[in-house]
Structures are given as C-alpha cells and as structure tokens.
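What follows is the content of coords-v4.cif, which has mmCIF, C-alpha atoms:
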```cif
data_entry
#
loop_
_atom_site.label_atom_id
_atom_site.label_comp_id
_atom_site.auth_asym_id
_atom_site.auth_seq_id
_atom_site.Cartn_x
_atom_site.Cartn_y
_atom_site.Cartn_z
CA MET A 1 -30.50 83.84 62.60
CA LEU A 2 -32.30 80.77 61.26
CA ASN A 3 -36.02 81.38 60.92
CA THR A 4 -38.70 78.69 60.96
CA LYS A 5 -39.13 78.67 57.20
CA SER A 6 -35.46 78.17 56.51
CA PHE A 7 -35.26 75.51 59.20
CA ASN A 8 -38.14 73.62 57.64
CA ASN A 9 -36.44 73.75 54.24
CA TYR A 10 -33.19 72.44 55.62
CA LEU A 11 -35.04 69.74 57.54
CA LEU A 12 -36.90 68.72 54.41
CA LEU A 13 -33.66 68.56 52.46
CA PHE A 14 -32.02 66.53 55.20
CA VAL A 15 -34.88 64.07 55.34
CA THR A 16 -34.84 63.74 51.57
CA VAL A 17 -31.11 63.02 51.43
CA VAL A 18 -31.37 60.52 54.25
CA GLY A 19 -34.33 58.89 52.58
CA ILE A 20 -32.50 58.53 49.27
CA GLY A 21 -29.50 57.14 51.07
CA LEU A 22 -31.59 54.62 52.93
CA TYR A 23 -33.29 53.61 49.70
CA LEU A 24 -29.99 53.06 47.99
CA LEU A 25 -28.76 51.00 50.88
CA TYR A 26 -31.88 48.94 50.76
CA VAL A 27 -31.54 48.26 47.04
CA ASN A 28 -27.88 47.31 47.30
CA ARG A 29 -28.55 45.08 50.24
CA ASN A 30 -31.19 43.29 48.24
CA GLU A 31 -28.92 43.07 45.27
CA SER A 32 -26.12 41.73 47.42
CA VAL A 33 -28.58 39.36 48.94
CA VAL A 34 -29.64 38.34 45.50
CA LEU A 35 -26.06 37.95 44.38
CA SER A 36 -25.16 35.90 47.42
CA ILE A 37 -27.81 33.33 46.63
CA GLU A 38 -26.24 30.65 44.42
CA PRO A 39 -28.52 28.19 42.76
CA GLU A 40 -27.83 24.60 43.71
CA ILE A 41 -26.09 22.65 40.98
CA ASP A 42 -26.38 18.92 40.77
CA MET A 43 -22.87 17.48 40.41
CA VAL A 44 -22.73 15.03 37.50
CA VAL A 45 -19.80 12.68 37.39
CA SER A 46 -19.26 11.69 33.74
CA THR A 47 -17.75 8.32 33.00
CA PRO A 48 -14.90 8.26 30.50
CA ALA A 49 -15.85 7.09 27.04
CA PRO A 50 -14.58 3.61 26.19
CA ILE A 51 -11.48 3.43 24.04
CA ILE A 52 -11.86 1.27 20.97
CA VAL A 53 -9.05 0.09 18.70
CA SER A 54 -9.57 -2.16 15.70
CA GLN A 55 -7.68 -4.03 13.02
CA ILE A 56 -9.13 -5.31 9.78
CA SER A 57 -8.03 -8.62 8.26
CA PRO A 58 -5.78 -8.42 5.18
CA ASP A 59 -8.62 -9.53 2.90
CA GLY A 60 -11.00 -7.02 4.45
CA THR A 61 -13.59 -9.59 5.58
CA HIS A 62 -13.09 -9.52 9.36
CA THR A 63 -12.42 -6.94 12.06
CA VAL A 64 -11.15 -7.50 15.58
CA SER A 65 -11.69 -4.71 18.09
CA LEU A 66 -10.63 -4.07 21.65
CA LYS A 67 -13.07 -1.99 23.68
CA SER A 68 -11.37 -0.78 26.86
CA GLU A 69 -13.53 0.47 29.72
CA ALA A 70 -12.88 1.16 33.39
CA ASP A 71 -13.28 -2.41 34.62
CA ILE A 72 -13.28 -4.58 31.54
CA ASN A 73 -11.77 -5.01 28.09
CA SER A 74 -14.04 -6.58 25.50
CA VAL A 75 -12.60 -8.49 22.55
CA ILE A 76 -14.99 -8.08 19.65
CA VAL A 77 -14.91 -9.86 16.31
CA ASN A 78 -17.24 -8.54 13.66
CA ASP A 79 -19.48 -6.82 16.25
CA GLN A 80 -19.67 -9.91 18.49
CA VAL A 81 -18.01 -10.00 21.90
CA ILE A 82 -16.05 -13.23 22.03
CA ALA A 83 -14.07 -12.66 25.23
CA THR A 84 -13.50 -10.24 28.09
CA ILE A 85 -10.28 -9.40 29.90
CA PRO A 86 -10.38 -7.63 33.27
CA SER A 87 -8.81 -4.19 33.19
CA ASP A 88 -5.55 -3.64 35.02
CA SER A 89 -3.89 -0.25 35.31
CA ASN A 90 -0.50 -1.94 35.00
CA VAL A 91 -1.39 -3.69 31.76
CA GLU A 92 -1.70 -2.12 28.31
CA LEU A 93 -3.49 -4.09 25.62
CA SER A 94 -3.07 -3.51 21.89
CA ILE A 95 -3.87 -5.14 18.56
CA PRO A 96 -0.83 -5.42 16.27
CA PHE A 97 -1.09 -4.63 12.55
CA ASN A 98 -0.47 -8.27 11.60
CA THR A 99 -2.89 -9.66 14.15
CA TRP A 100 -4.91 -11.87 11.81
CA SER A 101 -3.70 -15.28 10.59
CA PRO A 102 -3.77 -15.45 6.77
CA ASP A 103 -6.85 -17.69 6.84
CA ASN A 104 -8.60 -15.45 9.42
CA LYS A 105 -8.98 -18.34 11.90
CA TYR A 106 -6.81 -16.76 14.61
CA PHE A 107 -5.59 -13.40 15.81
CA PHE A 108 -3.27 -12.26 18.58
CA ILE A 109 -3.33 -9.47 21.12
CA LYS A 110 -0.31 -7.87 22.75
CA GLU A 111 -0.25 -7.39 26.50
CA LYS A 112 2.36 -4.94 27.82
CA LYS A 113 3.08 -5.25 31.52
CA ASP A 114 5.61 -3.77 33.90
CA ASP A 115 7.64 -6.98 33.90
CA GLY A 116 7.43 -7.72 30.18
CA GLU A 117 5.05 -8.59 27.38
CA GLU A 118 2.66 -11.40 26.63
CA PHE A 119 1.02 -12.35 23.35
CA LEU A 120 -2.42 -13.94 23.50
CA VAL A 121 -3.55 -16.05 20.55
CA MET A 122 -7.28 -16.42 20.24
CA SER A 123 -9.61 -18.07 17.77
CA LYS A 124 -11.93 -15.94 15.67
CA ALA A 125 -15.07 -17.44 17.18
CA GLY A 126 -13.77 -17.44 20.73
CA GLN A 127 -13.47 -21.22 20.79
CA VAL A 128 -11.33 -22.83 23.43
CA PHE A 129 -8.15 -24.63 22.57
CA ALA A 130 -7.38 -28.27 23.34
CA ASP A 131 -6.47 -27.45 26.94
CA GLU A 132 -9.83 -25.69 27.42
CA SER A 133 -8.13 -22.30 27.53
CA LEU A 134 -9.62 -19.32 25.75
CA ASN A 135 -6.23 -18.10 24.62
CA LEU A 136 -2.69 -19.36 24.18
CA LYS A 137 -0.09 -17.36 26.09
CA VAL A 138 2.93 -17.47 23.84
CA VAL A 139 5.58 -16.08 26.21
CA GLU A 140 4.46 -18.33 29.04
CA LEU A 141 4.47 -21.42 26.82
CA PHE A 142 7.84 -20.51 25.33
CA ALA A 143 9.43 -20.02 28.75
CA THR A 144 8.61 -23.56 29.81
CA SER A 145 10.52 -25.08 26.89
CA HIS A 146 13.15 -22.35 26.40
CA PRO A 147 13.89 -20.88 29.83
CA ASP A 148 17.18 -19.31 28.71
CA ILE A 149 15.75 -17.47 25.73
CA THR A 150 13.78 -14.22 25.82
CA ILE A 151 11.14 -13.30 23.28
CA ASN A 152 11.73 -9.84 21.79
CA ASP A 153 8.60 -9.65 19.66
CA VAL A 154 5.90 -11.55 17.83
CA THR A 155 5.65 -9.83 14.45
CA GLY A 156 3.00 -11.70 12.49
CA TRP A 157 2.18 -14.92 10.65
CA ALA A 158 4.45 -16.87 8.30
CA ALA A 159 1.57 -19.14 7.27
CA PRO A 160 -1.99 -19.85 8.50
CA ASN A 161 -0.81 -21.67 11.63
CA LEU A 162 2.67 -20.25 12.15
CA LEU A 163 3.35 -17.23 14.36
CA ILE A 164 6.75 -15.58 13.89
CA ILE A 165 8.76 -15.09 17.08
CA ASN A 166 11.98 -13.10 17.33
CA ALA A 167 14.08 -13.82 20.38
CA ARG A 168 17.52 -13.51 21.95
CA SER A 169 19.69 -15.22 24.51
CA ASP A 170 22.96 -14.50 26.27
CA LYS A 171 24.78 -16.35 23.50
CA GLU A 172 22.80 -15.24 20.47
CA SER A 173 21.42 -11.77 19.94
CA LYS A 174 19.10 -12.77 17.09
CA MET A 175 17.10 -15.92 16.66
CA SER A 176 13.67 -16.70 15.28
CA PHE A 177 11.08 -19.38 15.89
CA TRP A 178 7.75 -20.38 14.53
CA PHE A 179 4.98 -21.10 16.99
CA GLU A 180 2.64 -23.68 15.51
CA VAL A 181 -0.75 -22.83 16.96
CA THR A 182 -2.39 -26.23 16.41
CA THR A 183 0.37 -28.25 18.10
CA ARG A 184 1.70 -25.49 20.38
CA LYS A 185 5.23 -26.39 19.32
CA PHE A 186 8.09 -23.97 18.81
CA ILE A 187 10.26 -24.54 15.74
CA ARG A 188 13.72 -23.01 15.70
CA LEU A 189 14.56 -21.44 12.33
CA SER A 190 17.92 -21.40 10.58
CA ASN A 191 17.47 -17.75 9.65
CA TYR A 192 15.78 -14.90 11.45
CA PHE A 193 12.92 -12.64 10.58
CA TYR A 194 14.18 -9.36 11.98
CA MET B 1 15.72 -12.99 -31.24
CA LEU B 2 16.30 -13.27 -27.51
CA ALA B 3 12.98 -11.57 -26.79
CA VAL B 4 11.11 -13.91 -29.17
CA SER B 5 12.70 -17.06 -27.78
CA VAL B 6 11.90 -15.97 -24.24
CA ALA B 7 8.32 -15.25 -25.19
CA ILE B 8 7.78 -18.80 -26.42
CA GLY B 9 9.26 -20.24 -23.24
CA THR B 10 12.65 -21.55 -24.26
CA SER B 11 15.47 -21.99 -21.76
CA LYS B 12 17.52 -19.11 -23.11
CA TYR B 13 16.89 -16.96 -20.04
CA PRO B 14 20.10 -15.06 -19.18
CA LYS B 15 21.37 -16.36 -15.86
CA SER B 16 22.87 -12.98 -15.08
CA ILE B 17 19.42 -11.47 -14.71
CA GLU B 18 17.73 -11.80 -11.34
CA CYS B 19 14.32 -13.34 -11.32
CA ALA B 20 11.53 -12.76 -8.79
CA ASN B 21 9.89 -16.15 -9.20
CA PRO B 22 12.29 -18.81 -10.51
CA GLY B 23 9.39 -21.07 -11.37
CA ASN B 24 8.16 -18.50 -13.88
CA CYS B 25 11.54 -17.42 -15.19
CA GLY B 26 11.95 -17.13 -18.92
CA THR B 27 8.28 -16.64 -19.70
CA LEU B 28 6.13 -13.59 -19.76
CA PRO B 29 3.35 -13.67 -17.16
CA THR B 30 -0.18 -14.70 -18.04
CA VAL B 31 -3.52 -14.23 -16.35
CA ALA B 32 -4.59 -17.33 -14.46
CA VAL B 33 -7.60 -17.91 -12.24
CA GLU B 34 -7.52 -21.33 -10.55
CA ASN B 35 -10.21 -21.42 -7.91
CA GLU B 36 -9.92 -25.14 -7.21
CA ALA B 37 -6.15 -25.19 -6.78
CA LEU B 38 -4.34 -25.17 -3.44
CA GLY B 39 -1.14 -23.30 -2.73
CA VAL B 40 2.02 -24.26 -0.88
CA PHE B 41 4.11 -21.89 1.24
CA ASN B 42 6.51 -22.68 4.08
CA ASN B 43 5.50 -26.32 3.82
CA GLN B 44 1.91 -25.44 4.57
CA ILE B 45 -1.12 -25.78 2.36
CA VAL B 46 -2.77 -22.44 1.78
CA ILE B 47 -6.19 -21.81 0.32
CA PRO B 48 -6.17 -19.03 -2.28
CA PRO B 49 -8.97 -16.48 -2.50
CA LYS B 50 -11.76 -17.28 -4.91
CA ILE B 51 -11.82 -14.97 -7.88
CA ASP B 52 -14.75 -14.42 -10.21
CA LEU B 53 -13.68 -12.18 -13.05
CA ALA B 54 -17.30 -11.71 -14.09
CA LEU B 55 -18.08 -10.10 -10.75
CA ASP B 56 -15.07 -7.84 -10.76
CA THR B 57 -15.92 -4.20 -11.24
CA VAL B 58 -13.39 -2.59 -13.52
CA VAL B 59 -12.54 0.67 -11.81
CA ALA B 60 -11.52 2.99 -14.57
CA ASN B 61 -9.11 5.72 -13.59
CA VAL B 62 -10.67 9.05 -14.36
CA LEU B 63 -8.20 11.85 -14.76
CA GLY B 64 -8.10 14.00 -11.69
CA ASP B 65 -10.35 11.90 -9.48
CA VAL B 66 -9.73 10.24 -6.09
CA VAL B 67 -7.05 12.44 -4.58
CA GLY B 68 -6.47 15.11 -7.11
CA GLN B 69 -4.53 15.95 -10.18
CA GLY B 70 -0.86 15.26 -10.54
CA GLU B 71 1.48 12.50 -11.54
CA LYS B 72 1.08 9.20 -9.69
CA HIS B 73 4.19 7.74 -8.13
CA ILE B 74 4.82 4.78 -5.83
CA TYR B 75 7.75 4.66 -3.43
CA VAL B 76 8.92 1.48 -1.72
CA ASP B 77 11.25 1.95 1.23
CA LEU B 78 13.13 -1.32 1.74
CA GLU B 79 14.52 -0.30 5.10
CA SER B 80 11.22 0.61 6.72
CA GLN B 81 9.28 -1.91 4.60
CA THR B 82 6.74 0.75 3.70
CA LEU B 83 4.97 1.66 0.48
CA THR B 84 3.92 5.25 -0.06
CA ALA B 85 1.83 6.37 -3.02
CA TYR B 86 1.40 9.94 -4.14
CA GLU B 87 -0.69 11.73 -6.70
CA GLY B 88 1.12 15.00 -7.25
CA ASP B 89 1.94 16.09 -3.72
CA LYS B 90 -1.14 14.46 -2.25
CA LEU B 91 -0.67 11.28 -0.25
CA PHE B 92 -2.84 8.46 -1.57
CA MET B 93 -1.68 5.58 0.61
CA GLN B 94 0.99 4.58 3.09
CA THR B 95 1.12 0.98 4.26
CA PRO B 96 3.53 -1.74 5.42
CA ILE B 97 4.76 -4.19 2.77
CA SER B 98 7.01 -7.21 2.56
CA SER B 99 9.90 -7.12 0.10
CA GLY B 100 12.53 -9.75 -0.69
CA LYS B 101 13.94 -11.98 2.03
CA TRP B 102 15.00 -15.09 0.11
CA GLY B 103 15.69 -13.10 -3.02
CA ARG B 104 16.37 -9.42 -3.04
CA THR B 105 14.05 -6.73 -4.33
CA PRO B 106 16.34 -4.68 -6.57
CA PRO B 107 16.39 -0.95 -5.85
CA GLY B 108 15.82 1.33 -8.83
CA GLU B 109 13.41 3.37 -10.91
CA TYR B 110 10.68 1.36 -12.61
CA SER B 111 7.44 1.63 -14.54
CA ILE B 112 4.44 -0.65 -14.44
CA TRP B 113 4.07 -2.39 -17.80
CA VAL B 114 1.14 -4.73 -17.23
CA LYS B 115 -1.54 -5.30 -14.62
CA MET B 116 -3.16 -8.70 -14.06
CA ARG B 117 -6.10 -9.52 -11.84
CA SER B 118 -4.59 -12.91 -10.95
CA THR B 119 -1.67 -15.15 -11.82
CA ARG B 120 0.31 -18.10 -10.47
CA MET B 121 3.76 -17.68 -8.92
CA ALA B 122 6.19 -20.47 -8.06
CA GLY B 123 9.80 -21.03 -7.09
CA GLY B 124 12.15 -22.08 -4.34
CA SER B 125 13.08 -25.61 -3.39
CA GLY B 126 12.91 -27.92 -0.40
CA ALA B 127 11.52 -26.15 2.65
CA ASP B 128 11.52 -22.90 0.69
CA TYR B 129 9.37 -24.24 -2.16
CA TYR B 130 6.30 -22.21 -2.94
CA ASN B 131 3.57 -22.56 -5.52
CA LEU B 132 0.78 -20.04 -5.27
CA PRO B 133 -2.26 -19.84 -7.54
CA ASN B 134 -4.57 -16.84 -7.66
CA VAL B 135 -2.00 -14.29 -6.61
CA PRO B 136 -4.24 -11.21 -6.69
CA TYR B 137 -3.88 -7.71 -8.08
CA VAL B 138 -0.50 -8.05 -9.75
CA MET B 139 1.35 -5.02 -11.14
CA PHE B 140 4.49 -6.05 -13.01
CA PHE B 141 7.21 -3.42 -13.30
CA TYR B 142 10.46 -3.15 -15.23
CA SER B 143 13.40 -0.94 -16.03
CA PRO B 144 16.27 -0.99 -18.54
CA LYS B 145 18.30 -2.95 -15.97
CA VAL B 146 15.49 -5.23 -14.79
CA PRO B 147 13.65 -6.52 -17.85
CA LYS B 148 10.03 -7.61 -18.01
CA ILE B 149 10.91 -11.29 -17.99
CA SER B 150 12.41 -10.90 -14.51
CA GLY B 151 8.86 -10.95 -13.21
CA TYR B 152 9.09 -8.39 -10.42
CA SER B 153 5.76 -7.01 -9.28
CA LEU B 154 3.63 -5.43 -6.60
CA HIS B 155 0.83 -7.79 -5.61
CA GLY B 156 -1.48 -8.99 -2.90
CA ALA B 157 -0.32 -11.83 -0.67
CA TYR B 158 -2.78 -14.21 0.99
CA TRP B 159 -0.27 -16.75 2.36
CA HIS B 160 1.38 -14.72 5.11
CA ASN B 161 0.60 -11.74 7.29
CA ASN B 162 3.91 -10.32 8.36
CA PHE B 163 3.87 -6.98 6.59
CA GLY B 164 6.50 -4.51 7.68
CA HIS B 165 9.07 -7.33 7.43
CA ALA B 166 10.85 -8.89 4.43
CA MET B 167 9.07 -12.12 3.43
CA SER B 168 9.17 -12.54 -0.34
CA HIS B 169 11.47 -13.88 -3.01
CA GLY B 170 11.80 -10.46 -4.62
CA CYS B 171 8.33 -9.11 -5.27
CA VAL B 172 6.68 -6.47 -3.13
CA ASN B 173 3.90 -8.14 -1.15
CA MET B 174 0.94 -6.18 0.13
CA ARG B 175 -2.22 -6.92 2.09
CA GLN B 176 -4.95 -7.88 -0.34
CA ILE B 177 -7.03 -4.81 0.50
CA ASP B 178 -4.04 -2.54 -0.08
CA ALA B 179 -3.09 -4.27 -3.33
CA GLU B 180 -6.62 -3.92 -4.62
CA LYS B 181 -6.67 -0.22 -3.81
CA ILE B 182 -3.32 0.45 -5.48
CA TYR B 183 -4.25 -1.75 -8.45
CA ASN B 184 -7.40 0.27 -9.12
CA TRP B 185 -5.53 3.56 -8.71
CA ALA B 186 -2.25 2.94 -10.54
CA THR B 187 -1.92 3.19 -14.31
CA PRO B 188 -2.31 1.79 -16.89
CA ALA B 189 -5.98 2.40 -16.26
CA THR B 190 -7.62 -1.01 -15.82
CA THR B 191 -9.51 -2.21 -18.88
CA GLY B 192 -10.03 -5.87 -17.99
CA SER B 193 -8.39 -8.84 -16.30
CA ILE B 194 -5.14 -7.92 -18.02
CA THR B 195 -4.11 -4.39 -18.99
CA TYR B 196 -0.96 -3.52 -20.91
CA VAL B 197 0.51 -0.06 -21.21
CA ASP B 198 0.32 1.79 -24.49
CA LYS B 199 1.05 5.27 -25.76
CA GLU B 200 -2.08 6.77 -24.17
CA ASN B 201 -2.25 4.50 -21.15
CA THR B 202 1.20 4.60 -19.59
CA GLY B 203 2.38 2.94 -16.38
CA THR B 204 2.82 4.50 -12.96
CA LYS B 205 6.42 5.06 -11.90
CA ILE B 206 7.81 3.10 -8.96
CA THR B 207 10.91 4.05 -6.99
CA ILE B 208 12.44 1.32 -4.84
CA TYR B 209 15.18 2.39 -2.44
#
```

Written as structure tokens, that's how I'd like the structure from this file.
Amino acid sequence: MLNTKSFNNYLLLFVTVVGIGLYLLYVNRNESVVLSIEPEIDMVVSTPAPIIVSQISPDGTHTVSLKSEADINSVIVNDQVIATIPSDSNVELSIPFNTWSPDNKYFFIKEKKDDGEEFLVMSKAGQVFADESLNLKVVELFATSHPDITINDVTGWAAPNLLIINARSDKESKMSFWFEVTTRKFIRLSNYFY
Amino acid sequence: MLAVSVAIGTSKYPKSIECANPGNCGTLPTVAVENEALGVFNNQIVIPPKIDLALDTVVANVLGDVVGQGEKHIYVDLESQTLTAYEGDKLFMQTPISSGKWGRTPPGEYSIWVKMRSTRMAGGSGADYYNLPNVPYVMFFYSPKVPKISGYSLHGAYWHNNFGHAMSHGCVNMRQIDAEKIYNWATPATTGSITYVDKENTGTKITIY
C-alpha cells in the first residue's frame, strides 16, 4: 500500500520530469522560432562587366578598342571614344588583326550578322567621309556595283588607302579587289590574295 | 673571285640563284637611313618611319634572359603564314607574317648572318614596282643553297598590313613591333646599327617550311 511519504516522492519526481520536459520543449520552440526567422536580404542585381577587345597598330603607336555593353558599343581610339554603335543581340562586332591602315589613318571593324557580314571603315579621329557618313560600309557599297559577286572576306590593307577584298561569284570561285577608301572605288585584280 | 666581284657590285650575279629583291641583286646589303625619302608600293606613295640611330637603344642579348636558357630558333610556316620563335622549349613569340607572293620564299634551314637597323629594298616592274627606304629591323639569313647575296631576310614592313597572307617578293614581312622584338632577341647580339656574326656571336637558326 502506498503511504503518504512514498506518494509525495513519486509526485515530486513526476513534477520534476514534467518540468524538465516542458523546459526542453520551451527551449526547442524558441530555437525553432529563432531558426525560422530569416534575415531579410537585399537582392542586388549586378550588371555584366563590359567586354573590351583591342588591336594595336603595326608600329605600336595607336590602339583601337571596342567596348561592348548591354545597350551600346563604344569605338575607342587611344582612350578617346570616337563613335558608338547600338548593341544588337543578332550582331557580333570584332576587330580584325589587320584592322589598321599602314599609315594609321583608317581602321575597319567586322560586323557578323545572321544574314552575312559587313565591314565598317572608319577614320582614326572619327571624321566623317565625303558623304557625311561616319563609316564606309564595304559590303553595301560593293553590292551596288557588283550585285552578282559575294564578298568572302576583307583581310587587310595592301597600301595606305587600299583594302583587300576576296570574293566569289557563280562563275569564279576566287577573285580579289582593292577598295580605295578615298575614292570608294573597287579595283578588280588580275591575281587573288587568298 | 665570284664572291669578290659580287661584293663590288658587278653584274656577274648567277641567274640561277633566286633573289628576294631584284633591285638589290648582286650586291651585299648595306645600312641605309633615309628619313626624307618616300617609298613606292602598289603604285602608292608610302611614307617610311623616321629612324634616328642615335636614339636607338641597343638591346644586348644577355645569356639566359627574357624567356630562359636554351637555343633560339625561329620557325616560319608558309602555309599558315605564321612565325613562331622558341628559346629552348619556351615560346618567345607567335605572330602572323607575310611571305612571298610575287616571288617565293624558299623553304629550308637557314642562319642569320647580319642584322641591320634599316636598309632600302627595291624590285619589281610596272604595277609591281616597289622601292622602299628605311625598311626596319632587317635580319638577313642564308644557307648553302641560298647564298647571302640572294638577300632574303626577316624584316618589318610599313607599307602594307595584311599579315597572315602572302604579300612579299620573297622576304618574310612582319609588323614593325614584332620585327623589333625579334630583332632585339635574335642573335647575333646587337652591337650597333649593323651586326655581323662571328665565332662568338653566331646567328639564330631559321626553319622555313
């Protein structure tokens, strides 16, 4: 038979166990509460770094760079922006190795599009040409005088004013022209520069 | 006798030997700085770079510097139009060049025999005529089959910029900045505006293929 003293002991033990259990529940609840609270994080959207490509002139005195950003491409000559070209996701711009004319007066940029390529000739100082244009579009100009011939590539300069153009037609797989920048004339060559 | 007569500029140049610059055939090259002269190439007037020999810094080749120790060797790949220079197994330079279009650049194994800071080169005729003063950083090379009087060389070219494609009459054209770098690196170690090889100062080997 359970006497009063034993009952009190069991009761005390029971209360103690329950108390410890409640305490542990309380602590865990707080911890879970603590863990469930996430600090607010400010979302920072970083803008992509501009892509810059450059080409030095053969004598080492000039550098032309193309700085491509989200909305605009900047054409930079010796740290000075001389022109801007709007960005287009369907157009890839590049600076060929032989971009500079031998006298460093001109350079050309290659434009690669879904429907073909264009080559833009520009002056070092960003000066406009006789027709008030900032650049000469070689493929466009060539097409008006040679509609049946396709330009394969513009490889470089044969002389200070002469761009070398390699082309083809249905009848001839290899032909070369010079594009004279000052007169904007195309000169068919007897040999080719492939 | 043949060597002596050639050296004094007679017309006894063997026709069977190819020549890089017909206008200079039969004579050994000489240093020439002509800052007031104009050049002609592809029927266009070209302005040569001004050269002041007094301002030139002679870059002496110190054994083992720049890239590392090892034999220096230049390779010219005519198909890819590329020059590659090694010092031992370390790459020193790789760059597009322009070899012979109107005259071939003969493949073979060569050695540089003289370096010149500047010289004049001429040749061709009609629309192909060229006459170019102040050709910079010239490294003439030769072999038993291609004698010194043939005039083949590596050098800077200021009259065109179409490297990676054949453009020359036989020589190996380079951008001026590349020619300067190779000139200061290749042996014989530069001692002045003109440097000949000798027993202690031999010439870098060149392989053209």

Exercise for the section: Could you list, as a PyMOL selection string, the residues of chain A having an atom within 8 Å of chain B when counting all atoms listed in the file? Expected result: chain A and resi 58-60+98-103+155-160+193-194

Exercise for the section: Please identify all polymer residues lying at most 9 Å from the point (-5.5, -31.2, 23.1) (file coordinates), using all atoms listed in the file, and present the result as number ranges by chain. Expected result: A: 129-132, 182-183

Take the residues from that selection and write them out as a PDB file, keeping the file's coordinate frame, keeping C-alpha atoms.
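Result went into selection.pdb, see below:
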```pdb
ATOM      1  CA  PHE A 129      -8.150 -24.630  22.570  1.00  0.00           C
ATOM      2  CA  ALA A 130      -7.380 -28.270  23.340  1.00  0.00           C
ATOM      3  CA  ASP A 131      -6.470 -27.450  26.940  1.00  0.00           C
ATOM      4  CA  GLU A 132      -9.830 -25.690  27.420  1.00  0.00           C
ATOM      5  CA  THR A 182      -2.390 -26.230  16.410  1.00  0.00           C
ATOM      6  CA  THR A 183       0.370 -28.250  18.100  1.00  0.00           C
TER       7      THR A 183
END
```

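For the pair atom CA of Asp71 of chain A and atom CA of Lys113 of chain A, the interatomic distance is 16.9 Å.
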
Fill in the blank from the handout: Of B:Gly203, B:Pro188, B:Pro136, B:Gly103, the one nearest to Asp52 of chain B when counting all atoms listed in the file is B:Pro136

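Ranking A:Ser89, A:Leu136, A:Glu69, A:Lys171 by their shortest atom-to-atom distance to Pro50 of chain A, with all atoms listed in the file included, puts A:Glu69 first.
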
Problem - Nearby residues, (11.7, -20.1, -7.7) file frame, 8 Å, only C-alpha atoms, as a PyMOL selection string - result: chain B and resi 20-25+122-125+129-130+169

Box centre and edge lengths (Å, one decimal), axis-aligned, segment 174-186 of chain B plus 8 Å each side, as AutoDock Vina command-line options:
```
--center_x -3.2 --center_y -2.2 --center_z -4.2 --size_x 24.3 --size_y 27.4 --size_z 28.6
```

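Matched in the shown structure by the PyMOL selection byres ((chain A and resi 66-68) around 10): Ala49, Pro50, Ile51, Ile52, Val53, Ser54, Gln55, Val64, Ser65, Glu69, Ala70, Asp71, Ile72, Asn73, Ser74, Val75, Ile76, Val77, Val81, Ala83, Thr84, Ile85, Pro86, Ser87, Glu92, Leu93, Ser94, Ile95 and Ile109 of chain A.
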
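Minimum distance to Tyr209 of chain B across B:Ala37, B:Val76, B:Ala32, B:Ala54 (counting only C-alpha atoms) occurs at B:Val76.
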
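The coordinates place atom CA of Leu38 of chain B at 20.1 Å from atom CA of Tyr106 of chain A.
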
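The two atoms in question, atom CA of Val181 of chain A and atom CA of Gly116 of chain A, are spaced 21.7 Å apart.
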
Practice task
Would you translate the PyMOL selection byres ((chain A and resi 168) around 9) into the concrete set of residues it matches in this file, as JSON, numbers by chain?
Solution key: {"A": [148, 149, 150, 151, 152, 166, 167, 169, 170, 171, 172, 173, 174, 175, 176]}

Using the selection just defined, write its residues with C-alpha atoms as a tab-separated table (two decimals), in the frame of the given file.
```
chain	number	residue	atom	x	y	z
A	148	ASP	CA	17.18	-19.31	28.71
A	149	ILE	CA	15.75	-17.47	25.73
A	150	THR	CA	13.78	-14.22	25.82
A	151	ILE	CA	11.14	-13.30	23.28
A	152	ASN	CA	11.73	-9.84	21.79
A	166	ASN	CA	11.98	-13.10	17.33
A	167	ALA	CA	14.08	-13.82	20.38
A	169	SER	CA	19.69	-15.22	24.51
A	170	ASP	CA	22.96	-14.50	26.27
A	171	LYS	CA	24.78	-16.35	23.50
A	172	GLU	CA	22.80	-15.24	20.47
A	173	SER	CA	21.42	-11.77	19.94
A	174	LYS	CA	19.10	-12.77	17.09
A	175	MET	CA	17.10	-15.92	16.66
A	176	SER	CA	13.67	-16.70	15.28
```

Practice task
Quick one: apply the PyMOL selection byres ((chain B and resi 206) around 7) to the file and drop the selected residues here as a PyMOL selection string.
Solution key: chain B and resi 73-75+109-111+204-205+207-208
